[in-house]
Every structure is written in structure tokens, then in C-alpha cells.
Amino acid sequence: MSPSALIVGAGIVGAAIADRLQAVGCAVTLFEADLPAGGATAAAMGHLVVLDDSPAQLSLCARGLALWRRERLPASCERETRGTVWVARDAGEMDEARAKAERYARIGLAAELLDPDQLRAAEPALRPGLAGGLRVPGDQVLYPVGGARFLLDRAMAGGAVLRRERVRVLEPGGLRTDTGLFKADAVILAAGLGCTALLPELAITPRKGHLAITGRVPGLVRHQLIELGYLKSAHGRDGASVAFNVQPRATGQLLIGSSREFAGLDPAPNRELLGRMLRTALDYLPALDQVPVLRVWTGFRPCGPGNLPMVGPWPGRAGLFVAAGHEGLGITTALATAELAAHHLLGTETMLDPAPFLPHG
Amino acid sequence: MAEPAVIRADVAVVGAGPAGVAAAVAAAGAGKRVCLLDEGFRPGGQIWRHRAGAVPPAAKALLAALAGSGVQILAGAGVFDGWRQGDAWRLAAATPGGRVDLEAGALVLACGARELFAPFPGWTLPGVLGAGGGQALLKEGLELRGEPVVVAGSGPLLLPAAATAKRHGAKLGAVLEQAPWRRLLAMAPLLAARPGKALQALGLGWDLLGTPYRPGWWVAEALGSGRLEQVRITDGRRELLLDCRWLFCGFGLVPNLELGRLLGCGIEAGVLRVDGAQLTTAARVHAAGEVCGVAGVDAALAEGRIAGLAAAGAWDPAAHAGLLRARLRARAMGARMEAIFALRAELLALPRPDTMVCRCEDVPFGAIDPAWGARETKLCTRAGMGPCQGRVCGPILARHFGHGADTVRIPVKCVPLGQLMMDQERAP
Amino acid sequence: MAERCAISVDGRPLTAEVGESLAVALLREGVLAFRASRSGQHRAPLCAMGTCYECLVTVDGRQVRACLEPVRAGMAVLTHG
């Protein structure tokens with residue numbers, strides 16, 4: 001009798017877990033209150049990037065990327081291996097780039113330091129006067145909704161069931177919706193911002209971000225570009241911050257980010273912060289001045305209490321697992337998260353050390 | 001990096017068609033400082049569009065009044081954002097010279113309407129234009145040199161478009177009106193009650209003498225390789241192939257509600273809701289003309305004047321019974337026209353799976369699962385995510401799939417990044 | 001009589017009337033491919049009022065709607081058809 005699992009949330013994390021569990025023999029039921037992949041997944045950039053704020057984050061991202069690379073994805077995922085160029089403004093940031101290069105080298109991830117001339121050659125649209133950069137050729141771009149739906153479709157083709165309804169309450173050994181009580185060997189909470197309503201001790205806070213998409217300017221930018229100060233923004237906890245982050249899309253459009261603020265769930269754009277974000281982008285890429293912006297939107301990153309997502313059993317509640325708090329790394333780490341989740345549920349192998357990601361009650 | 005210029009006015013009028021010009025002139029006449037914005041080269045909107053120096057007779061008096069009114073006119077200005085700041089409104093507009101910000105106590109939204117497109121196979125071929133679009137290009141100097149033209153679709157705008165085409169040298173093959181004869185006969189009493197309109201219609205009839213006018217016919221397909229060459233037309237039973245290098249097809253109008261929605265104006269029955277003084281549900285935001293419901297130039301002129309006076313604090317219904325009567329009659333006429341020219345069901349069956357729904361993103365009808373709602377369609381196909389921001393495909397998706405309008409987001413018009421990024425903090 | 005001027009379209013010289021609609025000047029010249037769509041279809045003006053963006057061309061490095069662009073002496077127009 002195969003083990004049964006109920007997954008709350010059909011965003012990219014829930015979809016990845018459903019896909020993995022179903023593949024290793026679980027009977028999976030997913031619950032989604034709104035649109036599959038319609039939450040943070042739909043607002044996300046889809047930058048598959050190895051971030052290395054900590055060894056645990058580095059290994060999770062690297063594993064996540066390796067797993068994405070292995071997948072043969074349909075055109076709807078719009079996956080491209082664009083690579084990332086981390087951009088250094090000054091000597092201090094260039095030192096960070098060198099330290100980063102070493103950390104990548106230690107895990108065997110290809111990365112190449114760029115002096116100012118090499119940086120200009122790699123990205124002619126960047127303004128002169130920058131100190132150099134670090135090129136990571138293996139990073140990829142993915143259309144997040146495409147990726148999530150691919151995983152979901154594959155899970156369902158293998159027998160997973162998707163129920164389009166809201167989970168009202170978690171119960172021992174199961175959960176309850178408006179249509180009834182569902183019981184299973186395991187319940188996995190992968191509902192992003194929806195987790196706290198079901199498990200109040202799991203504080204997932206919305207971290208609002210802005211994105212802007214341009215008209216078509218093919219060839220202007222080749223790699224995904226991030227400023228080396230990005231991690232400072234991502235891990236700072238007070239106030240609002242912006243960090244330069246631009247992604248070229250297959251359509252020739254540019255996706256421009258990034259901003260972070262704790263502002264509840266108000267989707268209205270913060271004009272002042274948006275202005276700062278765009279000014280920052282313009283500073284790195286002066287040609288953006290004349291590039292038309294088609295649309296601006298906001299999204300809410302699901303932010304857990306620490307700087308790492310929580311993946312594993314919830315202490316004190318037998319059969320309850322969580323996979324939440326991915327902040328800005330949900331797309332990159334979805335498949336690695338699924339690998340960890342399967343490990344916790346079924347004891348299957350994982351390349352990762354699960355300890356740093358264990359939830360604290 | 002230049003700071004945005006900030007223009008301060010008592011009343012800002014968005015849109016310089018008949019409604020906007022009437023509003024601006026009325027507000028200026030009541031002593032207010034007025035700024036009038038429009039994306040086009042010069043005031044006139046669509047119905048009064050003209051080349052420099054060739055003002056249409058019907059527009060002469062009002063446009064002359066505008067020129068002498070002291071209203072500040074900003075041409076080439078596309079309003080892409082608006083918000084409340086203190087007890088005034090701020091608008092941000094993109095212009096060729098850079099961003100312009102406006103601060104005004106009261107606004108008049110006279111944003112007009114755009115054409116409704118009802119797709120058919122081949123509608124993306126160069127040479128296929130909207131009826132208003134074709135007429136506008138003709139008025140601006142497009143030469144047709146005896147080329148075969150067909151005018152098709154629905155509504156009172158087809159006849160002026162056809163007449164203009166003929167005057168500019170077109171070999172007009174046919175004017176196809178999808179509404180059947182029976183429904184068109186209902187126009188007779190309307191025209192009888194309005195001798196001015198009846199004369200206009202007779203005049204158009206004279207202009208078009210010799211051109212087949214076919215009620216109950218429509219274009220089933222546009223054919224050609226690289227450009228339009230022929231159209232296949234039908235009445236549901238018979239079919240004909242016509243030579244055609246230019247197809248002007250108009251199916252009605254869609255009000256431009258985006259800015260109103262951004263500013264928080266309430267929508268009712270698909271238009272901006274206004275009271276007797278043309279005031280919307282947003283404080284000190286008035287609206288006039290097509291954004292309050294498609295009803296033509298007479299409604300626009302009456303409502304524009306009312307809105308301008310109201311925005312200037314000078315609206316007195318008792319003193320303007322004539323305007324109220326004009327508005328009532330024009331709106332009633334507009335409602336009857338809408339019923340007469342309602343689009344028939346056969347038009348919905350014309351698209352094939354490879355017929356484009358979203359022209360910006362090249363999303364064909366076959367890519368859309370009818371079970372999807374609006375949001376799912378967007379996420380799975382990117383329909384509506386191009387530069388037109390859903391203005392062309394949105395009404396098509398509504399008609400064919402029942403999708404509602406998307407949430408309105410800034411910028412409500414595309415804007416160069418350098419002009420978007422300036423925020424109000426930096427304004428002097 | 002309106003003033004005429006020289007502009008260039010895809011590197012070719014063209015005379016047009018100062019201040020007239022660039023869309024009209026291009027159509028008069030026989031340009032029917034203003035832009036190429038995502039799937040490579042040639043597109044020309046549809047709405048002629050700035051709504052549809054089918055007439056997007058590049059003028060002096062800026063992306064503009066030809067139907068809303070007045071002709072100016074010396075403008076360098078690039079179509080993408």
C-alpha cells in the first residue's frame with residue numbers, strides 16, 4: 001500500500017513536491033484554493049541562480065539548478081541557459097566577487113572573474129567605470145508558471161489528484177476542506193503566504209517586490225545581471241531596499257527588478273520605491289532611458305523567520321511537514337526542496353544536508 | 001537627468017476630442033486655468049482628425065474658440081499615471097520632450113473610445129485597418145490611387161469612412177453592414193425625428209451613389225500573401241470574392257476606461273458612472289463623451305460642456321436646460337444605435353484556430369482553452385501582455401470567452417523608463 | 001503649400017511633408033511591413049490612433065508609433081519587417 005500525501009498549495013514548490021512524491025510511489029492529492037501557480041510563482045522572475053549567502057543556501061541552490069538542468073522541459077517553460085553576470089561597482093565589490101568565485105570553485109561550479117574590459121565585452125550596455133564582475137555561465141532563466149504547470153501536469157499524468165478548493169484546517173493525520181475530511185500518512189504545507197492561516201506558529205511574512213517589463217530590445221542585454229550588493233538587500237530586515245537585477249527574456253524583453261519591503265499585502269505599487277529601483281537600473285544600463293516599460297507589477301515573496309526555507313517535519317505534529325519560506329528562491333530551489341521533502345517522508349536519498357532547513361516550532 | 005516639469009492648473013482635461021475641447025473651452029470660459037492633453041498632433045480627437053490647416057467644418061467654431069481661450073494645450077502627451085496628492089490630482093504624462101507632471105484641483109476625463117475589432121482569418125494582413133483608422137489615415141493624407149477598397153463591419157461610422165475613401169480616390173468595391181435590413185429600417189423614425197441627421201445621411205447616400213451597400217453581409221476572410229489582396233464576403237448563405245487592397249473594418253467602439261479605473265472611478269454597465277453634473281465617483285473627477293457610453297459627437301459636446309462647467313464650479317442646471325436636453329436626446333439616440341448595430345452571432349464563429357487573438361504576443365484562438373478564465377489565459381499564453389496592454393485583445397477575449405477586464409496597473413500607457421522612474425518626490 | 005523634407009527609411013531616402021503622420025508617409029511610399037510580429041508576420045497600421053502598437057518603428061533610436069509621430073527633417077526610420 002503506497003504511502004499517501006496531501007499537499008497544500010499548488011505553486012511551484014507544491015507542484016515540485018507532488019511530482020517527486022508521485023514519481024517515487026506516493027498517492028498524492030494537492031489542494032489549491034486559487035489558481036495553480038497563481039501566487040508568488042506567477043509574480044516571480046524565474047531566475048535560476050546560485051546564491052551563496054551561506055553554505056546551506058549555496059548547496060540548496062546549486063542542487064536546485066542541477067536538477068532543473070537535468071529536466072527536458074517543453075517550450076512553455078521558456079528555459080534558457082543565459083548565465084548570470086554579477087556586477088561590481090568598486091574594488092570592495094570586486095573583492096566580494098573574488099570570494100564568491102572561490103566559494104563556487106569549491107563546489108565545482110563554473111565561474112569566471114571579469115576585469116572591466118571583459119565585463120564591457122560580455123555586456124556592452126553596462127555603463128563604463130564599473131570595476132568588473134563574475135560570470136556564472138550555468139545559471140538559467142525559466143518562465144515560472146510554465147515550470148510549475150509542467151511539474152503539475154507530470155504529477156497528474158502519473159496519478160496525482162488536484163483539488164481546486166481551500167483547506168480550512170489541519171487535523172491530526174489529515175486536513176479538512178468545505179467538502180470534507182481528508183486523511184493521509186503525511187500532510188505537506190507548501191502554501192506560501194497561506195501557511196500561517198493553517199499553522200499560526202509558522203510565520204510567513206509577505207515581502208513585497210516590484211518588477212517592470214519592457215518592450216522588445218533584443219540583444220541589449222545577454223546575461224542576467226545582478227549587482228553584488230543584491231544579497232545585502234535580500235537579507236537586510238529593516239525598511240525598503242532595492243538591488244539591481246535585470247533579466248533578458250527569450251522575447252527580447254527585459255524584466256527589471258528588484259525591490260524589497262515589508263508592506264503587508266497591498267498590491268498597489270510604491271511609486272517612490274519603484275522610482276528608486278528604476279533609477280538604479282538606469283544607472284547600470286543607461287540605454288534603458290528610452291526603452292518603453294509595458295507593465296509594472298508587485299508580488300509577495302513568502303518570507304520565513306530565517307534566511308533559509310524550512311523543509312521538513314513540523315516539531316510536535318506527527319505527519320505534518322512544511323516546505324515554506326523560500327523568499328526569493330522558490331523557483332531556483334523547488335526541485336531541491338522536493339528532494340528534501342521526499343527524503344523526510346520516505347527516506348529517499350538526498351545530496352543535501354537536511355539539518356539547516358529543519359523547521360523550528 | 002531632467003526633473004519633470006510640473007504644470008499647475010485648476011482643471012486638467014484628458015483627451016482633446018469634441019468632449020475634451022468642449023470641456024476645456026467651458027472651464028476656461030468660467031475663468032479657470034485649464035490644461036488640455038492629447039496623444040495626437042493637435043486637438044480634434046478621432047472624429048475631427050485633420051491635417052494641419054484642414055479643420056473639418058463641424059469643428060471650426062469650437063476649435064477656434066479653443067485657440068482663443070487661453071487653454072494650455074499639450075499635444076503628444078500620453079497620461080500614464082495619476083494619483084491623489086493632498087487635495088489635488090497629479091497626472092504624469094509621457095511626451096517626446098520628457099515627462100510632464102500636472103497638478104490640478106479637478107479633472108475631466110474625455111479619453112474617448114477605440115475601435116472594437118472582431119477577428120476573422122487574415123485580419124492581421126497589412127492593408128486591414130479599422131474603419132476609423134482607415135478614415136483617419138485618409139484625412140491625414142493617405143493616397144489610394146484607384147486601389148480597390150472595401151468597407152465592412154457595423155455601425156454609423158461605416159458610411160462616413162466609405163465616403164471619405166471614395167473622395168480620396170478609392171475604387172470602393174462595397175460597403176458591408178452586418179446588421180440585417182430589418183434592423184436598419186428602425187433607423188428611419190430616428191432620422192425622421194432629427195432632420196439634421198437625416199440630411200447628413202442623405203448626403204452620405206449621395207456620396208456613395210453607385211457603391212453596393214449590402215446589409216446582412218460581412219467579411220469572412222481576408223486573403224493575400226504578405227498583404228491584403230482579396231476578401232471573401234458572405235451573408236451566411238452566399239459567398240463572393242472581391243478584389244481588395246484596403247479593408248476598413250469597424251465593429252463599434254470600446255470606451256477608454258483605463259485612466260478612469262486607475263483613478264478609482266466607479267464603472268457601471270461597462271462605462272464610467274457619472275451623475276447629472278458629469279461627476280464620477282472619484283472626488284472632483286468628471287467625465288464626458290464616449291467614456292460615459294458610446295453615443296457620438298452630440299453627446300460628447302453636450303457632456304463636455306457640462307463637465308467643464310462643473311469642474312470649474314460653474315454648473316447650473318437651471319441655466320442650461322438646452323444642454324440637458326441635448327444630452328438626453330444624444331444618449332437616447334446612442335442607445336438605439338447600439339441596439340440596431342449589435343453584432344450578430346455568426347461573427348463569433350469566423351476565427352479559425354490559427355487566427356490571432358492577441359496580435360502583440362501572437363496568441364492564436366487555438367491556444368486558449370475555453371475553460372480558462374482571464375487570469376489563467378494570461379499566465380498560460382501571455383495574451384494581453386504586450387504593448388497595447390490588452391486594448392485590442394481584451395474586448396475580443398470578452399466577446400469570445402467571457403473574460404472580464406484585467407486589474408488596471410501603472411503605467412496605463414507604455415512609457416520610456418526614463419520618464420516612468422521619476423517620482424513625485426523629485427518634482428519641484 | 002506644406003514644407004517638404006528629406007528623411008531616411010531603412011537607409012533609403014524619402015521626401016515627406018514636415019509634420020505629417022509618419023505612418024501615412026511610409027504607407028504612401030509602399031512600406032507595408034512596419035514591424036514583424038513574434039511569429040514573424042509582417043504588420044502594418046491597424047487602428048491608426050496609437051492604441052494597437054502595430055505600427056511600431058524605430059525613429060532616431062527611439063521606439064515610436066508611426067501613426068502618432070510627426071515627420072521631421074532628417075529623421076532616420078527603421079522598420080523591422
# chains A, B, ... in the order shown; residues from 1 in each chain; ligands from 1

$ residues_around --residues "Ala240 of chain A" --least-positions-apart "4" --cutoff "10 Å" --atoms "only C-alpha atoms" --output "PyMOL selection string"
chain A and resi 207-209+233+236+259-263+273

$ interface_residues --of "chain B" --to "chain A" --cutoff "6 Å" --atoms "only C-alpha atoms" --output "number ranges by chain"
B: 387, 414-418, 421-423

$ interface_residues --of "chain B" --to "chain C" --cutoff "8 Å" --atoms "only C-alpha atoms" --output "NGL selection string"
:B and (39-41 or 46 or 51 or 76 or 114-115 or 124-130 or 132-134 or 136-137 or 140-143 or 226-227 or 359-362 or 387-388 or 391-392)

$ closest_residue --among "A:Ala125, A:Arg164, A:Glu112, A:Ala250" --to "chain C" --atoms "only C-alpha atoms"
A:Ala250

$ residues_around --residues "Pro13 of chain C" --least-positions-apart "3" --cutoff "12 Å" --atoms "only C-alpha atoms" --output "list in words"
Cys5, Ala6, Ile7, Ser8, Val9, Asp10, Ala16, Leu26, Glu29, Ala73, Gly74, Met75, Ala76, Val77 and Leu78 of chain C

$ write_last_selection --atoms "C-alpha atoms" --output "PDB file, in the first residue's frame"
ATOM      1  CA  CYS C   5      11.824  67.475 -46.127  1.00  0.00           C
ATOM      2  CA  ALA C   6      14.165  64.542 -46.521  1.00  0.00           C
ATOM      3  CA  ILE C   7      14.098  61.571 -44.190  1.00  0.00           C
ATOM      4  CA  SER C   8      15.553  58.090 -44.426  1.00  0.00           C
ATOM      5  CA  VAL C   9      13.691  54.807 -44.153  1.00  0.00           C
ATOM      6  CA  ASP C  10      15.811  51.691 -43.674  1.00  0.00           C
ATOM      7  CA  ALA C  16       7.716  63.758 -46.951  1.00  0.00           C
ATOM      8  CA  LEU C  26       5.511  55.237 -45.030  1.00  0.00           C
ATOM      9  CA  GLU C  29       5.989  55.032 -50.066  1.00  0.00           C
ATOM     10  CA  ALA C  73      13.564  66.741 -41.377  1.00  0.00           C
ATOM     11  CA  GLY C  74      16.435  64.266 -41.165  1.00  0.00           C
ATOM     12  CA  MET C  75      14.658  61.578 -39.159  1.00  0.00           C
ATOM     13  CA  ALA C  76      16.149  58.095 -39.554  1.00  0.00           C
ATOM     14  CA  VAL C  77      13.408  55.481 -39.563  1.00  0.00           C
ATOM     15  CA  LEU C  78      13.996  51.774 -39.165  1.00  0.00           C
TER      16      LEU C  78
END

$ residues_around --residues "Ala174 of chain B" --least-positions-apart "3" --cutoff "8 Å" --atoms "only C-alpha atoms" --output "VMD selection string"
chain B and resid 149 to 152 211 to 214
